[in-house]
Each structure stands twice: as structure tokens, then as C-alpha cells.
Amino acid sequence: MDFMYRSILKEKRGLSPVIATVLLISITIVLSIIIFLWAKGFVGEKTQKLGEPIENFCDEVDIEAEVVSGDDNLYLTNRGTISLYGFDIRKVEEGSVETIKREERKPLPAGQSESFEVDGLSALSQGEEIIVLPVIVGESGNSKVAYTCDEKYGVKISVI
């Protein structure tokens, strides 16, 4: 009977240490690639302008805006040093801010003023507050991307 157990033990073989090591390294590499690709989806490409993060250029934005009650026109003056490519209009209500409209237009160069017709502005009542946020353009990869500056770079106005 002792002979039978010995022969069974001799017939069973495990993986060689070289093959086991190659398998472990392969599994580790595949898992690393999967984790890298998964994490890459969370970290997008940074939008840049002239090789710097686009957020830095919001400091160069200075706008003046006016809205008249019953009128669909936004009167906008770009007093900053870079061109604006549009604007976001957000309505300020108690405890919340709601985006009314996002307009991407032809560039408004520095130092110029223009009147923009924006649907829905005439529905605003006198005394309501809106925030006009500037939109500038940067690059992400090979494409141009619109970037809306933070509220601290916008202008808060009351409808007159």
C-alpha cells in the first residue's frame, strides 16, 4: 500500500518556479494596465492657453454688463486684455444659482463693446439678479475648448 501512495505522489507535478514567476509578473502587468486606464478616465486633459493652464487667464478678464427689463439684449463691454468667446448667464434665486443660457459667439476683443440678443432675457423682472460669466477659449490636445471662468470673474447685475 505504501508503494501505491508513492507512485501517486510521483505522478502529481506542480508548476515549475520559472513558469509561476512569469505568470505572476504577467498578471501584475495586466492589472497595472487596467488600473492605469481606469484612473486615466478620472483625470482629463488640462485645457491650456499659450502653454499655461487656462484658469490663469481668467485673471485678465474684466467685463461690464447691463440688462434692461423687457429687452432681450445683453450689453457687454470687454475691459480685460483677452478676447471673450461667449458668456454664461445665471439667474440668482434664494439659495441657488440656475444657468439660463450659454452663448458662444464670435470673439469680443479686448476694449470693445457689443449688444447680444439673448432669448429669455425679456422674461426677467426688474430687480432680479443675474451673473454674467465670461467664456474664453483654450486648447486641449488638438481641439479648441470653451472654458467658463469662475463666478469671482463674472459680474453680478440687477435687471433695470
# chains A, B, ... in the order shown; residues from 1 in each chain; ligands from 1
>>> select_by_dssp(residues="stretch 2-151 of chain A", states="strand (DSSP E)", output="ChimeraX atom specification")
/A:48-49,52-53,63-67,73-78,84-93,96-108,113-117,129-140,143-148
>>> select_by_dssp(residues="chain A", states="alpha helix (DSSP H)", output="ChimeraX atom specification")
/A:2-11,17-40
>>> residues_around(residues="A:Ile130", least_positions_apart="6", cutoff="6 Å", atoms="only C-alpha atoms", output="list in words")
Arg90, Lys91, Val92, Lys156 and Ile157 of chain A
>>> residues_around(residues="A:Leu124", least_positions_apart="3", cutoff="8 Å", atoms="only C-alpha atoms", output="JSON, numbers by chain")
{"A": [69, 70, 120, 121, 128, 159]}
>>> write_last_selection(atoms="C-alpha atoms", output="JSON list (two decimals), in the first residue's frame")
[["chain", "number", "residue", "atom", "x", "y", "z"],
["A", 69, "SER", "CA", -36.12, 94.76, -18.20],
["A", 70, "GLY", "CA", -38.32, 93.73, -21.13],
["A", 120, "GLY", "CA", -35.27, 84.70, -22.47],
["A", 121, "LEU", "CA", -33.79, 87.87, -21.03],
["A", 128, "GLU", "CA", -33.91, 90.23, -10.44],
["A", 159, "VAL", "CA", -32.10, 93.90, -14.13]]
>>> residues_around(residues="stretch 140-154 of chain A", least_positions_apart="4", cutoff="9 Å", atoms="only C-alpha atoms", output="PyMOL selection string")
chain A and resi 45-49+54-55+57-59+61-64+85-88+104+131-136
>>> write_last_selection(atoms="C-alpha atoms", output="short mmCIF file (atom, residue, chain, number, x, y, z; two decimals), in the first residue's frame")
data_model
loop_
_atom_site.label_atom_id
_atom_site.label_comp_id
_atom_site.auth_asym_id
_atom_site.auth_seq_id
_atom_site.Cartn_x
_atom_site.Cartn_y
_atom_site.Cartn_z
CA GLU A 45 -6.51 66.57 -20.18
CA LYS A 46 -5.92 70.04 -18.87
CA THR A 47 -7.18 72.88 -21.01
CA GLN A 48 -4.37 75.30 -21.77
CA LYS A 49 -3.87 78.66 -23.40
CA ILE A 54 -6.46 78.35 -18.82
CA GLU A 55 -7.61 79.22 -15.27
CA PHE A 57 -6.09 83.72 -17.91
CA CYS A 58 -9.35 84.42 -16.07
CA ASP A 59 -7.39 87.00 -14.06
CA VAL A 61 -10.85 89.14 -17.76
CA ASP A 62 -12.74 92.30 -16.82
CA ILE A 63 -16.28 92.73 -18.09
CA GLU A 64 -19.14 95.18 -17.67
CA TYR A 85 -15.75 83.90 -26.88
CA GLY A 86 -19.07 83.88 -25.11
CA PHE A 87 -20.74 84.11 -21.74
CA ASP A 88 -22.90 82.17 -19.30
CA GLU A 104 -20.73 81.06 -27.62
CA ILE A 131 -24.47 86.69 -13.03
CA VAL A 132 -22.69 87.03 -16.38
CA LEU A 133 -19.66 84.76 -16.56
CA PRO A 134 -17.03 85.13 -19.29
CA VAL A 135 -16.16 82.22 -21.59
CA ILE A 136 -12.64 82.05 -23.01
#
>>> closest_residue(among="A:Thr21, A:Thr28, A:Thr99, A:Ser115", to="A:Asn73", atoms="only C-alpha atoms")
A:Ser115
>>> closest_residue(among="A:Glu129, A:Val18, A:Ser158, A:Leu23", to="A:Val97", atoms="only C-alpha atoms")
A:Glu129
>>> atom_distance(atom1="atom CA of A:Gln126", atom2="atom CA of A:Glu93")
13.7 Å
>>> atom_distance(atom1="atom CA of A:Ile19", atom2="atom CA of A:Ser32")
19.9 Å
>>> closest_residue(among="A:Ala65, A:Val137, A:Val30, A:Ile160", to="A:Ser113", atoms="only C-alpha atoms")
A:Ala65
